[in-house]
Amino acid sequence: MSEHKTMSKTPHIQTLDFEADCGLGTRARIGLVILQTDQTIEHEFASVLRSDDIALYHARIHNEMDVTPETLRQMEADMPETAALLPEQFDFDVIGYCCTSGATMIGEERVDRILRGVHPNAKTSNPLTACKAALQALGLVRIALITPYAPSVTSEMRANLAAAGYAINAVGSFNQSDDFKVARITSQSILQAIKEIGAREDCDGVFVSCTSLRTLPILAEAEAHLGKPVLSSNQALAWHLMRLAGVQDCPENAGRLFQHQLHQDSPAT
């Protein structure tokens with residue numbers, strides 16, 4: 001009986017001493033609004049941002065699997081609520097909306113206003129704005145554009161870049177509207193497309209659009225083959241967010257872009 005009473009007795013909870021620091025992200029805290037269907041960007045960002053003093057936090061926004069101008073624009077209504085899932089108390093340095101085609105359809109300035117409406121102290125970016133900042137940093141004007149999108153989306157993106165002053169002298173597309181299938185396109189297929197489209201003499205660099213495409217693993221090989229800079233949505237966005245946050249790191253095998261800083265007149269928001 002006495003043994004039973006001893007075993008059932010509530011143990012005393014000892015109060016433990018501790019020290020507190022500033023937590024993760026002492027150099028930069030980065031928030032990302034990621035598409036619900038995206039299977040790639042978190043993996044690629046993790047390979048570029050490997051540091052205890054850079055903290056990365058994600059929130060997923062609802063989107064349709066079928067990528068069309070109409071479904072992309074629908075994300076505008078859900079963006080404020082999704083951005084609010086990134087806690088204001090985290091004191092983010094930068095926040096990125098992670099959809100190149102979505103930024104094209106909704107509008108870069110509109111995306112910036114929405115994100116700043118929730119996080120007024122954070123700088124913002126998206127892959128399209130980041131691409132333009134990267135092209136300025138690299139001094140590129142004549143580019144080849146590769147997308148996975150249907151013609152309606154690809155044409156809008158080409159027009160957007162052309163309106164910003166870039167000569168889009170070659171365009172290639174995998175012509176897919178299913179976002180799940182886009183994430184299944186192999187890196188070797190992307191590499192072959194870059195070699196084919198980017199070889200033209202009237203193109204000084206290549207931009208591979210879409211955060212779902214697995215482009216980062218073959219960027220260095222593509223640049224070595226072409227002798228030209230090659231950008232991807234995830235690479236450009238990671239670079240832009242880092243530079244906006246004051247991080248000047250140059251990760252290995254992530255392309256020539258990381259050897260450059262922001263141009264003083266770049267579209268930094």
# chains A, B, ... in the order shown; residues from 1 in each chain; ligands from 1

call {"tool": "select_by_dssp", "arguments": {"residues": "region 86-134 of chain A", "states": "strand (DSSP E)", "output": "list in words"}}
result
Val94, Ile95, Gly96, Tyr97, Cys98, Lys123, Thr124 and Ser125 of chain A

call {"tool": "residues_around", "arguments": {"residues": "Ala134 (chain A)", "least_positions_apart": "5", "cutoff": "9 Å", "atoms": "only C-alpha atoms", "output": "MDAnalysis selection string"}}
result
chainID A and resid 129 139:140 231 236:237 239:240 257 260:263 266

call {"tool": "closest_residue", "arguments": {"among": "A:Leu216, A:Leu35, A:Ala164, A:Tyr149", "to": "Asp178 (chain A)", "atoms": "only C-alpha atoms"}}
result
A:Tyr149

call {"tool": "closest_residue", "arguments": {"among": "A:Ile30, A:Ala159, A:Ala167, A:Val118", "to": "Asp53 (chain A)", "atoms": "only C-alpha atoms"}}
result
A:Ile30

call {"tool": "residues_around", "arguments": {"residues": "Ala103 (chain A)", "least_positions_apart": "4", "cutoff": "10 Å", "atoms": "only C-alpha atoms", "output": "list of chain:residue names"}}
result
A:Leu72, A:Arg73, A:Met75, A:Glu76, A:Tyr97, A:Cys98, A:Cys99, A:Gly107, A:Glu108, A:Glu109, A:Arg110, A:Val111, A:Asp112, A:Ser125, A:Asn126, A:Pro127, A:Leu128, A:Thr129, A:Met157

call {"tool": "write_last_selection", "arguments": {"atoms": "C-alpha atoms", "output": "compact mmCIF listing (two decimals), in the first residue's frame"}}
result
# COMPACT_ATOMS: atom_id res chain seq x y z
CA LEU A 72 -3.53 33.51 -60.78
CA ARG A 73 -5.42 36.75 -60.18
CA MET A 75 -4.76 34.90 -55.18
CA GLU A 76 -4.99 38.65 -54.65
CA TYR A 97 5.46 36.57 -52.54
CA CYS A 98 6.69 33.44 -54.30
CA CYS A 99 4.92 33.29 -57.63
CA GLY A 107 0.86 43.41 -60.52
CA GLU A 108 4.11 43.91 -58.64
CA GLU A 109 3.05 47.19 -57.03
CA ARG A 110 -0.24 45.68 -55.89
CA VAL A 111 1.58 42.72 -54.32
CA ASP A 112 3.90 45.12 -52.52
CA SER A 125 9.86 41.29 -53.31
CA ASN A 126 8.53 38.69 -55.72
CA PRO A 127 10.27 36.68 -58.45
CA LEU A 128 9.39 39.14 -61.23
CA THR A 129 10.66 42.20 -59.35
CA MET A 157 5.19 37.82 -68.80

call {"tool": "decode", "arguments": {"residues": "region 18-138 of chain A", "atoms": "C-alpha atoms", "output": "short mmCIF file (atom, residue, chain, number, x, y, z; two decimals), in the first residue's frame"}}
result
data_model
loop_
_atom_site.label_atom_id
_atom_site.label_comp_id
_atom_site.auth_asym_id
_atom_site.auth_seq_id
_atom_site.Cartn_x
_atom_site.Cartn_y
_atom_site.Cartn_z
CA PHE A 18 17.89 29.79 -18.37
CA GLU A 19 19.44 32.49 -20.51
CA ALA A 20 17.70 34.05 -23.51
CA ASP A 21 19.25 35.45 -26.68
CA CYS A 22 17.80 37.07 -29.79
CA GLY A 23 16.77 33.73 -31.27
CA LEU A 24 17.21 32.68 -34.87
CA GLY A 25 17.64 35.27 -37.59
CA THR A 26 19.99 37.71 -35.93
CA ARG A 27 21.18 38.81 -39.40
CA ALA A 28 17.91 38.46 -41.26
CA ARG A 29 14.36 37.19 -40.82
CA ILE A 30 12.76 36.30 -44.12
CA GLY A 31 9.06 35.53 -44.64
CA LEU A 32 7.70 33.74 -47.69
CA VAL A 33 4.17 33.51 -49.05
CA ILE A 34 4.32 30.25 -50.98
CA LEU A 35 1.75 28.72 -53.31
CA GLN A 36 -0.19 25.82 -51.84
CA THR A 37 0.82 23.70 -54.85
CA ASP A 38 4.53 24.62 -54.92
CA GLN A 39 6.80 21.62 -54.38
CA THR A 40 10.19 23.17 -55.07
CA ILE A 41 10.94 26.57 -53.57
CA GLU A 42 11.38 25.52 -49.93
CA HIS A 43 13.91 22.86 -50.94
CA GLU A 44 15.88 25.25 -53.16
CA PHE A 45 15.82 28.12 -50.66
CA ALA A 46 17.13 25.78 -47.94
CA SER A 47 20.14 24.95 -50.12
CA VAL A 48 20.97 28.65 -50.59
CA LEU A 49 20.19 30.01 -47.11
CA ARG A 50 22.17 27.78 -44.75
CA SER A 51 22.89 29.85 -41.69
CA ASP A 52 21.63 29.94 -38.10
CA ASP A 53 21.59 33.72 -38.24
CA ILE A 54 19.24 33.79 -41.25
CA ALA A 55 15.75 32.59 -40.35
CA LEU A 56 13.22 31.54 -42.99
CA TYR A 57 9.48 31.26 -42.31
CA HIS A 58 6.73 30.15 -44.71
CA ALA A 59 2.98 30.57 -45.11
CA ARG A 60 1.04 28.89 -47.91
CA ILE A 61 -1.58 30.66 -50.00
CA HIS A 62 -4.46 28.87 -51.69
CA ASN A 63 -4.18 28.57 -55.44
CA GLU A 64 -5.68 26.44 -58.16
CA MET A 65 -3.67 23.62 -59.74
CA ASP A 66 -4.67 24.92 -63.18
CA VAL A 67 -2.44 27.90 -64.00
CA THR A 68 -4.35 30.49 -66.00
CA PRO A 69 -4.46 34.31 -65.88
CA GLU A 70 -7.80 34.08 -64.08
CA THR A 71 -6.73 31.58 -61.40
CA LEU A 72 -3.53 33.51 -60.78
CA ARG A 73 -5.42 36.75 -60.18
CA GLN A 74 -7.67 35.01 -57.63
CA MET A 75 -4.76 34.90 -55.18
CA GLU A 76 -4.99 38.65 -54.65
CA ALA A 77 -8.02 38.25 -52.37
CA ASP A 78 -6.33 35.63 -50.16
CA MET A 79 -2.95 37.33 -49.89
CA PRO A 80 -3.65 39.60 -46.86
CA GLU A 81 -4.92 36.70 -44.73
CA THR A 82 -2.00 34.48 -45.74
CA ALA A 83 0.56 37.22 -45.08
CA ALA A 84 -0.96 37.67 -41.61
CA LEU A 85 -0.06 34.04 -40.83
CA LEU A 86 3.54 35.27 -40.71
CA PRO A 87 3.57 36.67 -37.15
CA GLU A 88 4.15 40.40 -36.92
CA GLN A 89 6.12 39.78 -33.71
CA PHE A 90 8.84 38.06 -35.73
CA ASP A 91 9.88 41.51 -36.99
CA PHE A 92 10.58 40.42 -40.57
CA ASP A 93 13.28 42.21 -42.53
CA VAL A 94 11.86 41.09 -45.88
CA ILE A 95 8.84 39.21 -47.18
CA GLY A 96 8.53 37.58 -50.58
CA TYR A 97 5.46 36.57 -52.54
CA CYS A 98 6.69 33.44 -54.30
CA CYS A 99 4.92 33.29 -57.63
CA THR A 100 6.36 34.79 -60.81
CA SER A 101 3.23 34.42 -62.90
CA GLY A 102 1.03 35.55 -60.02
CA ALA A 103 3.05 38.75 -59.62
CA THR A 104 2.72 39.30 -63.37
CA MET A 105 -1.08 39.00 -63.31
CA ILE A 106 -1.79 40.75 -60.00
CA GLY A 107 0.86 43.41 -60.52
CA GLU A 108 4.11 43.91 -58.64
CA GLU A 109 3.05 47.19 -57.03
CA ARG A 110 -0.24 45.68 -55.89
CA VAL A 111 1.58 42.72 -54.32
CA ASP A 112 3.90 45.12 -52.52
CA ARG A 113 0.98 47.18 -51.17
CA ILE A 114 -0.79 44.09 -49.87
CA LEU A 115 2.27 42.71 -48.09
CA ARG A 116 3.19 46.10 -46.64
CA GLY A 117 -0.38 46.54 -45.45
CA VAL A 118 0.17 43.56 -43.15
CA HIS A 119 3.91 44.03 -42.48
CA PRO A 120 4.58 47.78 -42.89
CA ASN A 121 8.17 47.59 -41.65
CA ALA A 122 9.31 44.83 -44.00
CA LYS A 123 10.78 45.25 -47.46
CA THR A 124 9.11 43.09 -50.08
CA SER A 125 9.86 41.29 -53.31
CA ASN A 126 8.53 38.69 -55.72
CA PRO A 127 10.27 36.68 -58.45
CA LEU A 128 9.39 39.14 -61.23
CA THR A 129 10.66 42.20 -59.35
CA ALA A 130 13.68 40.16 -58.27
CA CYS A 131 14.37 39.16 -61.88
CA LYS A 132 14.39 42.80 -62.98
CA ALA A 133 16.73 43.75 -60.12
CA ALA A 134 19.00 40.83 -61.07
CA LEU A 135 19.06 41.83 -64.74
CA GLN A 136 20.09 45.35 -63.73
CA ALA A 137 22.81 44.03 -61.41
CA LEU A 138 24.18 41.88 -64.24
#
